[in-house]
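Q: This is work_33.cif, which holds mmCIF, C-alpha atoms:
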data_query
loop_
_atom_site.label_atom_id
_atom_site.label_comp_id
_atom_site.auth_asym_id
_atom_site.auth_seq_id
_atom_site.Cartn_x
_atom_site.Cartn_y
_atom_site.Cartn_z
CA MET R 1 30.10 35.51 -46.00
CA THR R 2 32.86 35.20 -43.45
CA CYS R 3 36.48 36.28 -43.78
CA LEU R 4 37.40 32.64 -44.48
CA ASP R 5 35.09 32.72 -47.49
CA PHE R 6 36.65 35.98 -48.65
CA GLU R 7 40.14 34.49 -48.37
CA LYS R 8 39.42 32.29 -51.39
CA LEU R 9 38.15 35.26 -53.34
CA ILE R 10 41.28 37.19 -52.36
CA ALA R 11 43.40 34.31 -53.62
CA LEU R 12 41.62 34.36 -56.97
CA ASP R 13 41.65 38.13 -57.24
CA ALA R 14 45.42 38.23 -56.65
CA GLU R 15 46.02 36.92 -60.19
CA GLY R 16 42.90 38.31 -61.85
CA ASP R 17 40.96 35.04 -61.79
CA LEU R 18 37.95 36.51 -60.00
CA PRO R 19 34.86 37.44 -62.03
CA GLU R 20 33.96 41.14 -61.93
CA ARG R 21 30.75 40.67 -59.96
CA LYS R 22 32.57 38.86 -57.17
CA ALA R 23 35.50 41.27 -57.37
CA ALA R 24 33.17 44.16 -56.61
CA LYS R 25 31.76 42.31 -53.65
CA LEU R 26 35.26 41.57 -52.40
CA GLY R 27 36.23 45.23 -52.79
CA GLU R 28 33.39 46.27 -50.54
CA HIS R 29 34.48 43.76 -47.90
CA LEU R 30 38.16 44.75 -48.08
CA ARG R 31 37.34 48.39 -47.49
CA ALA R 32 35.74 47.42 -44.19
CA CYS R 33 37.92 44.46 -43.01
CA ARG R 34 41.44 45.13 -41.76
CA ASN R 35 42.28 41.40 -41.33
CA CYS R 36 41.43 40.67 -44.92
CA GLN R 37 43.48 43.65 -46.04
CA GLU R 38 46.50 42.19 -44.19
CA PHE R 39 45.83 38.75 -45.61
CA THR R 40 45.70 40.24 -49.12
CA ALA R 41 49.11 41.81 -48.63
CA ARG R 42 50.61 38.59 -47.29
CA LEU R 43 49.10 36.53 -50.08
CA GLN R 44 50.47 38.87 -52.71
CA ALA R 45 53.92 38.40 -51.17
CA SER R 46 53.71 34.63 -51.27
CA GLN R 47 52.37 34.79 -54.81
CA ALA R 48 55.35 36.87 -55.83
CA LEU R 49 57.62 34.26 -54.29
CA LEU R 50 55.74 31.47 -56.02
CA LYS R 51 55.90 33.15 -59.39
CA SER R 52 59.60 33.81 -58.95
CA LEU R 53 60.13 30.07 -59.31
CA ALA R 54 59.33 30.55 -62.97
CA GLN R 55 62.64 32.42 -63.36
CA GLU R 56 64.61 29.39 -62.29
CA SER R 57 65.79 26.89 -64.77
CA ALA R 58 67.77 23.70 -64.74
CA ASP R 59 71.44 23.64 -65.54
CA GLU R 60 72.38 22.75 -69.06
CA ALA R 61 74.06 19.58 -67.79
CA VAL R 62 70.78 18.36 -66.30
CA LEU R 63 68.91 19.09 -69.52
CA GLN R 64 71.61 17.50 -71.59
CA GLU R 65 71.42 14.35 -69.50
CA VAL R 66 67.70 14.05 -70.17
CA ARG R 67 68.23 14.74 -73.87
CA GLN R 68 70.89 12.07 -74.17
CA ARG R 69 68.75 9.56 -72.31
CA VAL R 70 65.81 10.24 -74.60
CA LEU R 71 67.84 10.02 -77.79
CA GLY R 72 69.61 6.94 -76.46
CA GLY R 73 66.28 5.39 -75.58
CA ILE R 74 65.00 5.99 -79.07
CA ALA R 75 68.12 4.46 -80.57
CA THR R 76 67.92 1.32 -78.45
CA ASP R 77 64.20 1.14 -79.06
CA ALA R 78 64.69 1.38 -82.79
CA GLU R 79 67.57 -1.07 -83.02
CA PRO R 80 65.72 -4.22 -81.97
CA HIS R 81 63.01 -3.40 -84.48
CA TYR R 82 65.46 -3.44 -87.36
CA VAL R 83 67.35 -6.39 -85.95
CA ARG R 84 64.10 -8.31 -85.56
CA ALA R 85 63.06 -7.48 -89.10
CA TRP R 86 66.43 -8.56 -90.45
CA GLN R 87 66.40 -11.78 -88.45
CA PHE R 88 62.89 -12.57 -89.60
CA THR R 89 63.82 -12.06 -93.23
CA LEU R 90 66.92 -14.22 -92.91
CA GLY R 91 65.00 -16.96 -91.13
CA ALA R 92 62.25 -16.96 -93.72
CA ALA R 93 64.80 -17.17 -96.52
CA LEU R 94 66.58 -20.10 -94.85
CA ALA R 95 63.31 -21.91 -94.26
CA ALA R 96 62.25 -21.41 -97.86
CA THR R 97 65.61 -22.69 -99.08
CA ALA R 98 65.38 -25.76 -96.86
CA VAL R 99 61.88 -26.57 -98.11
CA PHE R 100 62.97 -26.09 -101.72
CA VAL R 101 65.97 -28.41 -101.32
CA ALA R 102 63.93 -31.04 -99.52
CA VAL R 103 61.21 -31.07 -102.16
CA ASN R 104 63.62 -31.31 -105.06
CA LEU R 105 66.04 -33.91 -103.67
CA TRP R 106 63.82 -36.28 -101.72
CA HIS R 107 62.22 -39.00 -103.86
CA PRO R 108 61.26 -41.84 -101.55
CA SER R 109 59.96 -44.43 -104.04
CA GLY R 110 60.64 -43.56 -107.58
CA PRO R 111 58.46 -41.57 -109.90
CA ARG R 112 55.22 -40.19 -108.64
CA TYR R 113 53.54 -39.83 -111.96
CA VAL R 114 52.91 -42.39 -114.62
CA ALA R 115 53.91 -41.70 -118.14
CA ARG R 116 51.09 -42.30 -120.54
CA GLU R 117 53.06 -41.60 -123.64
CA SER R 118 51.23 -44.33 -125.51
CA ARG R 119 48.06 -42.29 -125.39
CA PRO R 120 47.19 -41.12 -128.90
CA PRO R 121 47.55 -37.43 -129.66
CA SER R 122 43.93 -37.04 -130.65
CA ARG R 123 40.99 -38.77 -129.09
CA GLU R 124 38.21 -40.39 -130.94
CA ARG R 125 35.64 -39.15 -128.52
CA PRO R 126 35.71 -36.25 -126.09
CA ALA R 127 37.07 -37.04 -122.66
CA PRO R 128 34.77 -36.76 -119.66
CA ALA R 129 35.20 -33.89 -117.23
CA ARG R 130 37.01 -35.96 -114.61
CA THR R 131 40.15 -36.41 -116.64
CA GLY R 132 43.34 -37.13 -114.78
CA GLY R 133 45.90 -36.37 -117.44
CA GLN R 134 47.36 -33.19 -115.97
CA SER R 135 50.45 -34.97 -114.78
CA LEU R 136 51.62 -36.00 -118.20
CA PRO R 137 54.19 -33.24 -118.91
CA ARG R 138 56.01 -33.89 -115.69
CA ALA R 139 56.07 -37.62 -116.30
CA GLU R 140 57.78 -37.12 -119.64
CA ARG R 141 60.96 -36.24 -117.81
CA GLY R 142 61.18 -39.86 -116.71
CA ASP R 143 62.91 -41.08 -113.61
CA ALA R 144 66.66 -41.05 -113.29
CA ARG R 145 66.44 -43.56 -110.51
CA ALA R 146 64.56 -46.18 -112.50
CA THR R 147 65.86 -49.66 -112.32
CA ALA R 148 69.10 -49.94 -114.24
CA GLY R 149 69.21 -52.45 -117.02
CA GLU R 150 65.54 -52.37 -117.88
CA THR R 151 64.44 -51.56 -121.36
CA PRO R 152 62.38 -48.41 -121.84
CA ALA R 153 59.35 -50.47 -122.60
CA LEU R 154 59.78 -52.46 -119.41
CA GLN R 155 60.17 -49.28 -117.44
CA ARG R 156 56.95 -47.98 -118.84
CA VAL R 157 55.15 -51.16 -117.90
CA ARG R 158 56.61 -51.15 -114.43
CA GLU R 159 55.72 -47.54 -113.86
CA THR R 160 52.28 -48.11 -115.17
CA SER R 161 51.80 -51.10 -112.91
CA GLN R 162 53.04 -49.36 -109.75
CA HIS R 163 50.62 -46.52 -110.02
CA ALA R 164 47.79 -48.06 -111.85
CA SER R 165 45.71 -48.49 -108.74
CA THR R 166 45.67 -44.77 -107.97
CA GLU R 167 45.65 -43.45 -111.47
CA ALA R 168 43.15 -45.77 -113.04
CA MET R 169 40.09 -44.68 -111.13
CA SER R 170 40.59 -41.01 -111.91
CA SER R 171 41.96 -41.26 -115.42
CA ALA R 172 39.96 -40.97 -118.57
CA PRO R 173 39.11 -44.16 -120.45
CA THR R 174 41.36 -44.85 -123.42
CA VAL R 175 40.29 -46.00 -126.83
CA PRO R 176 40.05 -49.77 -127.34
CA GLU R 177 42.76 -49.87 -130.03
CA HIS R 178 45.20 -48.17 -127.78
CA ALA R 179 44.33 -50.40 -124.87
CA ARG R 180 44.80 -53.49 -126.91
CA ALA R 181 48.11 -52.30 -128.27
CA GLN R 182 49.28 -51.46 -124.78
CA THR R 183 48.21 -54.84 -123.46
CA GLU R 184 49.94 -56.68 -126.26
CA ARG R 185 53.10 -54.70 -125.75
CA ALA R 186 53.02 -55.44 -122.07
CA LYS R 187 52.54 -59.17 -122.67
CA GLN R 188 55.47 -59.20 -125.04
CA VAL R 189 57.71 -57.42 -122.60
CA LEU R 190 56.71 -59.82 -119.85
CA ARG R 191 57.48 -62.78 -122.03
CA GLU R 192 60.91 -61.39 -122.82
CA ARG R 193 61.49 -60.76 -119.18
CA LYS R 194 60.49 -64.29 -118.17
CA GLU R 195 62.82 -65.73 -120.74
CA SER R 196 65.72 -63.65 -119.54
CA GLN R 197 64.96 -64.51 -115.92
CA GLY R 198 64.83 -68.22 -116.81
CA SER R 199 68.31 -68.19 -118.28
CA LEU R 200 69.79 -66.31 -115.39
CA SER R 201 67.94 -67.91 -112.50
CA ALA R 202 70.26 -70.86 -112.38
CA SER R 203 73.33 -68.76 -111.72
CA LEU R 204 71.86 -65.89 -109.78
CA LYS R 205 70.30 -65.84 -106.39
CA PRO R 206 66.63 -65.09 -106.43
CA ARG R 207 65.92 -61.52 -105.49
CA ALA R 208 62.77 -60.02 -104.17
CA ARG R 209 60.68 -58.44 -106.85
CA GLU R 210 57.64 -56.32 -106.64
CA PRO R 211 54.50 -57.87 -108.07
CA LEU R 212 53.84 -56.56 -111.53
CA THR R 213 50.42 -55.19 -112.23
CA VAL R 214 49.11 -54.72 -115.71
CA MET R 215 46.06 -52.62 -116.30
CA LEU R 216 43.70 -53.55 -119.06
CA VAL R 217 41.17 -51.06 -120.20
CA SER R 218 38.06 -52.25 -121.98
CA ASP R 219 35.58 -50.44 -124.18
CA ASP R 220 33.50 -49.63 -121.19
CA PRO R 221 35.20 -46.79 -119.31
CA ASN R 222 33.79 -48.13 -116.04
CA VAL R 223 35.45 -51.53 -116.43
CA VAL R 224 39.18 -51.83 -115.75
CA ILE R 225 40.96 -55.15 -115.44
CA TYR R 226 44.11 -55.55 -113.36
CA TRP R 227 46.53 -58.35 -114.07
CA LEU R 228 48.88 -59.16 -111.22
CA VAL R 229 52.03 -61.00 -112.28
CA ASP R 230 54.36 -62.47 -109.67
CA MET C 1 67.92 19.35 -51.94
CA GLU C 2 71.51 20.54 -52.32
CA SER C 3 71.83 18.85 -55.65
CA SER C 4 68.65 20.59 -56.69
CA GLU C 5 70.13 23.96 -55.80
CA LEU C 6 73.25 23.23 -57.76
CA ALA C 7 71.25 22.17 -60.76
CA LEU C 8 69.01 25.24 -60.71
CA ARG C 9 69.91 28.66 -61.96
CA MET C 10 68.05 31.91 -62.37
CA THR C 11 67.20 32.88 -65.89
CA GLY C 12 65.84 36.27 -64.91
CA SER C 13 62.69 35.90 -66.95
CA ALA C 14 59.64 33.74 -66.84
CA PRO C 15 59.11 31.25 -69.66
CA GLU C 16 57.02 32.67 -72.43
CA VAL C 17 53.80 30.99 -73.36
CA GLU C 18 54.08 29.50 -76.82
CA GLY C 19 52.93 31.88 -79.53
CA SER C 20 51.18 30.97 -82.77
CA ASP C 21 54.41 31.20 -84.80
CA SER C 22 56.16 28.88 -82.42
CA ALA C 23 53.21 26.50 -82.49
CA GLU C 24 53.34 26.50 -86.27
CA GLU C 25 57.05 25.68 -86.20
CA SER C 26 56.38 22.89 -83.74
CA ALA C 27 53.73 21.47 -86.05
CA GLN C 28 56.21 21.48 -88.92
CA LEU C 29 58.82 19.80 -86.75
CA LEU C 30 56.31 17.20 -85.68
CA LYS C 31 55.48 16.41 -89.31
CA ARG C 32 59.15 15.82 -89.94
CA VAL C 33 59.37 13.60 -86.85
CA ILE C 34 56.46 11.52 -88.10
CA ALA C 35 58.26 11.21 -91.42
CA GLY C 36 61.21 9.73 -89.54
CA ASP C 37 63.45 12.77 -89.14
CA SER C 38 65.37 12.23 -85.90
CA VAL C 39 67.02 15.66 -86.18
CA ALA C 40 63.58 17.26 -86.01
CA PHE C 41 62.82 15.25 -82.90
CA GLU C 42 65.99 16.51 -81.27
CA GLN C 43 64.91 20.04 -82.12
CA ILE C 44 61.57 19.41 -80.43
CA ILE C 45 63.40 18.19 -77.35
CA LEU C 46 65.61 21.27 -77.33
CA ARG C 47 62.55 23.47 -77.69
CA TYR C 48 60.50 21.98 -74.86
CA GLU C 49 62.88 20.15 -72.54
CA ARG C 50 63.20 23.07 -70.14
CA ARG C 51 59.46 23.47 -69.70
CA VAL C 52 58.84 19.76 -69.32
CA LEU C 53 61.69 19.22 -66.89
CA MET C 54 60.90 22.24 -64.73
CA THR C 55 57.20 21.43 -64.60
CA ALA C 56 58.02 17.90 -63.55
CA TRP C 57 60.47 19.24 -61.02
CA ARG C 58 57.82 21.48 -59.47
CA LEU C 59 55.29 18.69 -59.40
CA LEU C 60 57.62 16.08 -57.95
CA GLY C 61 60.09 18.15 -55.95
CA HIS C 62 63.05 15.96 -56.87
CA ARG C 63 65.48 16.42 -59.69
CA GLU C 64 66.11 12.75 -60.42
CA ASP C 65 62.40 11.96 -60.52
CA ALA C 66 61.83 14.98 -62.73
CA GLN C 67 64.53 13.82 -65.13
CA ASP C 68 62.96 10.38 -65.30
CA ALA C 69 59.55 11.93 -65.91
CA ALA C 70 60.83 14.28 -68.64
CA GLN C 71 62.56 11.39 -70.32
CA GLU C 72 59.36 9.37 -70.25
CA VAL C 73 57.34 12.28 -71.68
CA PHE C 74 59.58 12.63 -74.73
CA LEU C 75 59.80 8.89 -75.23
CA ARG C 76 56.01 8.72 -75.23
CA LEU C 77 55.86 11.55 -77.73
CA TYR C 78 58.18 9.61 -80.00
CA LYS C 79 56.36 6.35 -79.43
CA TYR C 80 52.92 7.78 -80.21
CA ARG C 81 54.02 10.27 -82.86
CA HIS C 82 52.03 8.47 -85.55
CA HIS C 83 48.86 8.74 -83.46
CA PHE C 84 49.34 12.40 -82.62
CA ASP C 85 46.55 14.67 -83.84
CA GLN C 86 48.50 17.26 -85.80
CA LYS C 87 45.62 19.72 -85.62
CA ARG C 88 46.25 20.10 -81.91
CA ALA C 89 49.07 22.09 -80.40
CA LEU C 90 52.05 20.18 -79.08
CA LEU C 91 52.72 22.15 -75.92
CA PRO C 92 49.41 21.40 -74.15
CA TRP C 93 49.89 17.74 -75.04
CA LEU C 94 53.36 17.83 -73.47
CA TYR C 95 52.01 19.48 -70.33
CA ARG C 96 49.22 16.96 -70.06
CA MET C 97 51.65 14.08 -70.53
CA THR C 98 53.99 15.60 -67.97
CA VAL C 99 51.18 15.82 -65.42
CA ASN C 100 50.15 12.23 -66.15
CA VAL C 101 53.67 10.86 -65.91
CA CYS C 102 54.32 12.80 -62.72
CA HIS C 103 51.10 11.43 -61.30
CA ASP C 104 52.37 7.89 -61.92
CA VAL C 105 55.76 8.67 -60.43
CA TYR C 106 54.24 10.43 -57.45
CA ARG C 107 51.85 7.57 -56.71
CA LYS C 108 54.66 5.04 -56.95
CA ARG C 109 56.90 7.11 -54.74
CA ARG C 110 54.18 7.69 -52.17
CA GLN C 111 53.81 3.96 -51.84
CA GLU C 112 57.50 3.58 -51.23
CA ASP C 113 57.91 6.17 -48.51
CA ALA C 114 55.82 8.56 -46.51
CA LEU C 115 56.53 11.89 -48.08
CA ALA C 116 54.31 14.32 -46.31
CA ALA C 117 55.69 13.63 -42.88
CA GLY C 118 58.44 15.96 -41.88
CA GLU C 119 58.02 18.47 -44.67
CA MET C 120 57.22 21.20 -42.19
CA ASP C 121 60.26 20.29 -40.12
CA ARG C 122 62.52 20.40 -43.15
CA ALA C 123 61.11 23.79 -44.06
CA SER C 124 61.62 24.98 -40.50
CA LEU C 125 65.26 24.00 -40.71
CA ALA C 126 65.57 26.23 -43.71
CA TYR C 127 64.99 29.25 -41.51
CA ASP C 128 67.85 30.69 -39.57
CA PRO C 129 66.16 32.12 -36.47
CA GLY C 130 67.13 35.72 -35.97
CA GLY C 131 68.79 36.01 -39.37
CA GLU C 132 67.71 37.33 -42.74
CA ILE C 133 65.73 34.97 -44.90
CA THR C 134 67.82 34.33 -47.94
CA ARG C 135 66.34 33.81 -51.36
CA SER C 136 67.29 30.12 -51.39
CA GLU C 137 65.51 29.73 -48.04
CA GLN C 138 62.42 31.40 -49.43
CA ARG C 139 62.51 29.06 -52.39
CA ARG C 140 62.82 26.07 -50.10
CA ILE C 141 59.81 27.24 -48.12
CA ILE C 142 57.71 27.60 -51.24
CA GLU C 143 58.84 24.20 -52.47
CA ALA C 144 57.87 22.68 -49.14
CA ALA C 145 54.52 24.46 -49.35
CA LEU C 146 53.96 23.05 -52.81
CA GLU C 147 54.69 19.57 -51.56
CA ALA C 148 52.11 20.02 -48.82
CA LEU C 149 49.38 20.54 -51.41
CA THR C 150 47.26 17.79 -52.86
CA GLU C 151 48.41 16.50 -56.20
CA LYS C 152 45.64 18.24 -58.16
CA GLU C 153 46.07 21.53 -56.35
CA ARG C 154 49.78 21.43 -57.01
CA ALA C 155 49.32 20.70 -60.69
CA ALA C 156 46.81 23.54 -61.04
CA VAL C 157 48.92 26.13 -59.26
CA VAL C 158 52.17 25.11 -60.97
CA LEU C 159 50.62 25.38 -64.42
CA ARG C 160 48.74 28.59 -63.64
CA ASP C 161 51.16 30.57 -61.48
CA ILE C 162 54.59 29.23 -62.40
CA GLU C 163 54.12 28.20 -66.01
CA GLY C 164 51.83 31.15 -66.59
CA LEU C 165 49.07 29.34 -68.46
CA THR C 166 45.50 30.62 -68.48
CA THR C 167 42.85 29.02 -66.33
CA LYS C 168 41.18 27.75 -69.50
CA ASP C 169 44.40 26.11 -70.71
CA VAL C 170 45.01 24.57 -67.31
CA ALA C 171 41.49 23.17 -67.32
CA GLY C 172 42.09 21.65 -70.75
CA ILE C 173 45.38 20.08 -69.67
CA LEU C 174 44.01 18.66 -66.45
CA GLY C 175 40.74 17.56 -68.01
CA SER C 176 38.71 19.57 -65.53
CA SER C 177 36.24 22.43 -65.75
CA GLU C 178 37.42 26.00 -65.30
CA THR C 179 35.34 26.25 -62.15
CA THR C 180 37.11 23.26 -60.65
CA VAL C 181 40.51 24.63 -61.59
CA ARG C 182 39.66 28.06 -60.09
CA SER C 183 38.65 26.33 -56.87
CA GLN C 184 41.87 24.30 -56.80
CA ILE C 185 43.98 27.38 -57.52
CA SER C 186 42.39 29.52 -54.81
CA THR C 187 42.65 26.72 -52.24
CA ALA C 188 46.29 26.14 -53.15
CA ARG C 189 47.21 29.84 -52.89
CA VAL C 190 45.59 30.14 -49.48
CA LYS C 191 47.32 26.98 -48.28
CA ILE C 192 50.70 28.24 -49.44
CA ARG C 193 50.15 31.54 -47.66
CA LYS C 194 49.14 29.84 -44.44
CA PHE C 195 52.10 27.46 -44.68
CA VAL C 196 54.43 30.46 -44.81
CA ASP C 197 52.49 32.13 -41.96
CA LYS C 198 53.07 29.10 -39.73
CA LEU C 199 56.80 29.21 -40.38
CA GLU C 200 56.94 32.91 -39.64
CA LYS C 201 55.13 32.37 -36.36
CA LYS C 202 57.61 29.65 -35.42
CA ARG C 203 60.47 31.93 -36.30
CA SER C 204 59.15 34.80 -34.21
#
Would you mind writing the file's structure down as structure tokens?

A:
Amino acid sequence: MTCLDFEKLIALDAEGDLPERKAAKLGEHLRACRNCQEFTARLQASQALLKSLAQESADEAVLQEVRQRVLGGIATDAEPHYVRAWQFTLGAALAATAVFVAVNLWHPSGPRYVARESRPPSRERPAPARTGGQSLPRAERGDARATAGETPALQRVRETSQHASTEAMSSAPTVPEHARAQTERAKQVLRERKESQGSLSASLKPRAREPLTVMLVSDDPNVVIYWLVD
Amino acid sequence: MESSELALRMTGSAPEVEGSDSAEESAQLLKRVIAGDSVAFEQIILRYERRVLMTAWRLLGHREDAQDAAQEVFLRLYKYRHHFDQKRALLPWLYRMTVNVCHDVYRKRRQEDALAAGEMDRASLAYDPGGEITRSEQRRIIEAALEALTEKERAAVVLRDIEGLTTKDVAGILGSSETTVRSQISTARVKIRKFVDKLEKKRS
């Protein structure tokens, strides 16, 4: 080993980082090498200077500045989180309110469900699985926007006719007695309506009317007859 | 450099390595921080800010950069407090984070300006030929010598010789083997000595 190699061992030995085996070898070399002895002394001096840096510390003002910046950074970091959460909650609440209002106030074309109040309370035969009567309770509320001046019976017929095409295919077949009674009632209402229209038609301008559709249900649940009345 | 002198003062004693009691207190404080106690976090800052700032200062050589680095270290601690392994001691984590943050700052700064050039000249100016070497001049020489080291050598020697950590602890913080750290430390000490030797030759 050369003196350059021993310099690294001297540097480690100065702070006790040299293993004992190598320290013994270094000791032997130092006893014989004056240059390395001088280098050891100089290195110990620079090490003392280096370690003296540990006694220095920053002024309190410098530390305080860092502390304030950290705590300020945490505060500004935390604030948007809460603000975002609050804004999100408010936005969600507003959106939910808007949807609720829109659903409850917007009725584009009258009632959506057909009242089938003429259906008997008990059925003579069990209904098939594909029954479509779940909408009955809601339909019982009626429609506040129904045509003014119509009799309740006429309203029922009109409502039945407007939605017969969609409801008929999914609804359960009704009993023949009920169907006949419904048909007869509808015919009677139509007759009354024609008579009243005839007396008024001379003095009133003709107005556009929706075609009236009457659904007739036969004994066979697969056969449904529609009667379109202009 | 003048602002650095003004902002530094002698404490008269080296910082003590954290004992087991102190580590236990830090663990309790950290639990409170995780639970959302901002007062506990401030206490952690008060407890470690000096070590973090001074380590960063030694690694970077500039007060403003060191302040930025220390700020970043504590902000990261707060940010990742929920992911912190509470079985591990806080101080080594802070040292490791300090070294990592300083590495980022140093790399960024090195891209912006050529640092190494002129360090020897600046150190030479610190000497007053024919006069006594004052303590502040000696400190400036050592600081210049530290800046002349490679980044890894500087980190190893700062943690080992200035912060007073063991070689094993330094190896754990730097993610290196003890053999590697010993090699870096010995190289750094020799370089520092030879840096001072060159200045003394110039002076004579």

Q: Taking the file as shown, find all residues satisfying the PyMOL selection byres ((chain R) within 10 of (chain C)) and write them as a CSV table (one decimal) with C-alpha atoms, keeping the file's coordinate frame.

A:
chain,number,residue,atom,x,y,z
R,4,LEU,CA,37.4,32.6,-44.5
R,7,GLU,CA,40.1,34.5,-48.4
R,8,LYS,CA,39.4,32.3,-51.4
R,9,LEU,CA,38.2,35.3,-53.3
R,10,ILE,CA,41.3,37.2,-52.4
R,11,ALA,CA,43.4,34.3,-53.6
R,12,LEU,CA,41.6,34.4,-57.0
R,13,ASP,CA,41.6,38.1,-57.2
R,14,ALA,CA,45.4,38.2,-56.6
R,15,GLU,CA,46.0,36.9,-60.2
R,17,ASP,CA,41.0,35.0,-61.8
R,18,LEU,CA,38.0,36.5,-60.0
R,39,PHE,CA,45.8,38.8,-45.6
R,40,THR,CA,45.7,40.2,-49.1
R,42,ARG,CA,50.6,38.6,-47.3
R,43,LEU,CA,49.1,36.5,-50.1
R,44,GLN,CA,50.5,38.9,-52.7
R,45,ALA,CA,53.9,38.4,-51.2
R,46,SER,CA,53.7,34.6,-51.3
R,47,GLN,CA,52.4,34.8,-54.8
R,48,ALA,CA,55.4,36.9,-55.8
R,49,LEU,CA,57.6,34.3,-54.3
R,50,LEU,CA,55.7,31.5,-56.0
R,51,LYS,CA,55.9,33.2,-59.4
R,52,SER,CA,59.6,33.8,-59.0
R,53,LEU,CA,60.1,30.1,-59.3
R,54,ALA,CA,59.3,30.6,-63.0
R,55,GLN,CA,62.6,32.4,-63.4
R,56,GLU,CA,64.6,29.4,-62.3
R,57,SER,CA,65.8,26.9,-64.8
R,58,ALA,CA,67.8,23.7,-64.7
R,59,ASP,CA,71.4,23.6,-65.5
R,60,GLU,CA,72.4,22.8,-69.1
R,61,ALA,CA,74.1,19.6,-67.8
R,62,VAL,CA,70.8,18.4,-66.3
R,63,LEU,CA,68.9,19.1,-69.5
R,64,GLN,CA,71.6,17.5,-71.6
R,65,GLU,CA,71.4,14.4,-69.5
R,66,VAL,CA,67.7,14.0,-70.2
R,67,ARG,CA,68.2,14.7,-73.9
R,68,GLN,CA,70.9,12.1,-74.2
R,69,ARG,CA,68.8,9.6,-72.3
R,70,VAL,CA,65.8,10.2,-74.6
R,71,LEU,CA,67.8,10.0,-77.8
R,73,GLY,CA,66.3,5.4,-75.6
R,74,ILE,CA,65.0,6.0,-79.1
R,75,ALA,CA,68.1,4.5,-80.6
R,77,ASP,CA,64.2,1.1,-79.1

Q: By how many Å are CA of Thr2 (chain R) and CA of Cys33 (chain R) apart?

A: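 Here the two named atoms are 10.6 Å from each other.
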
Q: One decimal, Å: what's the distance from CA of Ala171 (chain C) over to CA of Phe6 (chain R), could you say?

A: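 Going from CA of Ala171 (chain C) over to CA of Phe6 (chain R) covers 23.2 Å.
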
Q: So how far away is CA of Arg140 (chain C) from CA of Arg203 (chain C), in Å?

A: 15.2 Å

Q: Would you write out, as a PDB file with C-alpha atoms, keeping the file's coordinate frame, every residue that the PyMOL selection byres ((chain C and resi 100) around 12) captures in this file?

A:
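Result written to selection_21.pdb:
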ATOM      1  CA  VAL C  52      58.840  19.760 -69.320  1.00  0.00           C
ATOM      2  CA  THR C  55      57.200  21.430 -64.600  1.00  0.00           C
ATOM      3  CA  ALA C  56      58.020  17.900 -63.550  1.00  0.00           C
ATOM      4  CA  LEU C  59      55.290  18.690 -59.400  1.00  0.00           C
ATOM      5  CA  LEU C  60      57.620  16.080 -57.950  1.00  0.00           C
ATOM      6  CA  ALA C  69      59.550  11.930 -65.910  1.00  0.00           C
ATOM      7  CA  ALA C  70      60.830  14.280 -68.640  1.00  0.00           C
ATOM      8  CA  GLU C  72      59.360   9.370 -70.250  1.00  0.00           C
ATOM      9  CA  VAL C  73      57.340  12.280 -71.680  1.00  0.00           C
ATOM     10  CA  ARG C  76      56.010   8.720 -75.230  1.00  0.00           C
ATOM     11  CA  TRP C  93      49.890  17.740 -75.040  1.00  0.00           C
ATOM     12  CA  LEU C  94      53.360  17.830 -73.470  1.00  0.00           C
ATOM     13  CA  TYR C  95      52.010  19.480 -70.330  1.00  0.00           C
ATOM     14  CA  ARG C  96      49.220  16.960 -70.060  1.00  0.00           C
ATOM     15  CA  MET C  97      51.650  14.080 -70.530  1.00  0.00           C
ATOM     16  CA  THR C  98      53.990  15.600 -67.970  1.00  0.00           C
ATOM     17  CA  VAL C  99      51.180  15.820 -65.420  1.00  0.00           C
ATOM     18  CA  VAL C 101      53.670  10.860 -65.910  1.00  0.00           C
ATOM     19  CA  CYS C 102      54.320  12.800 -62.720  1.00  0.00           C
ATOM     20  CA  HIS C 103      51.100  11.430 -61.300  1.00  0.00           C
ATOM     21  CA  ASP C 104      52.370   7.890 -61.920  1.00  0.00           C
ATOM     22  CA  VAL C 105      55.760   8.670 -60.430  1.00  0.00           C
ATOM     23  CA  TYR C 106      54.240  10.430 -57.450  1.00  0.00           C
ATOM     24  CA  ARG C 107      51.850   7.570 -56.710  1.00  0.00           C
ATOM     25  CA  GLU C 151      48.410  16.500 -56.200  1.00  0.00           C
ATOM     26  CA  LYS C 152      45.640  18.240 -58.160  1.00  0.00           C
ATOM     27  CA  ALA C 155      49.320  20.700 -60.690  1.00  0.00           C
ATOM     28  CA  ILE C 173      45.380  20.080 -69.670  1.00  0.00           C
ATOM     29  CA  LEU C 174      44.010  18.660 -66.450  1.00  0.00           C
ATOM     30  CA  GLY C 175      40.740  17.560 -68.010  1.00  0.00           C
TER      31      GLY C 175
END

Q: Care to translate the PyMOL selection byres ((chain C and resi 31) around 10) into actual residues of this file, as JSON, numbers by chain?

A: {"C": [25, 26, 27, 28, 29, 30, 32, 33, 34, 35, 36, 37, 40, 41, 81, 82, 84, 86]}

Q: Using all atoms listed in the file for the distances, tell me which of R:Ser218, R:Leu30, R:Thr89, R:Pro211 is nearest to Thr183 (chain R).

A: R:Ser218
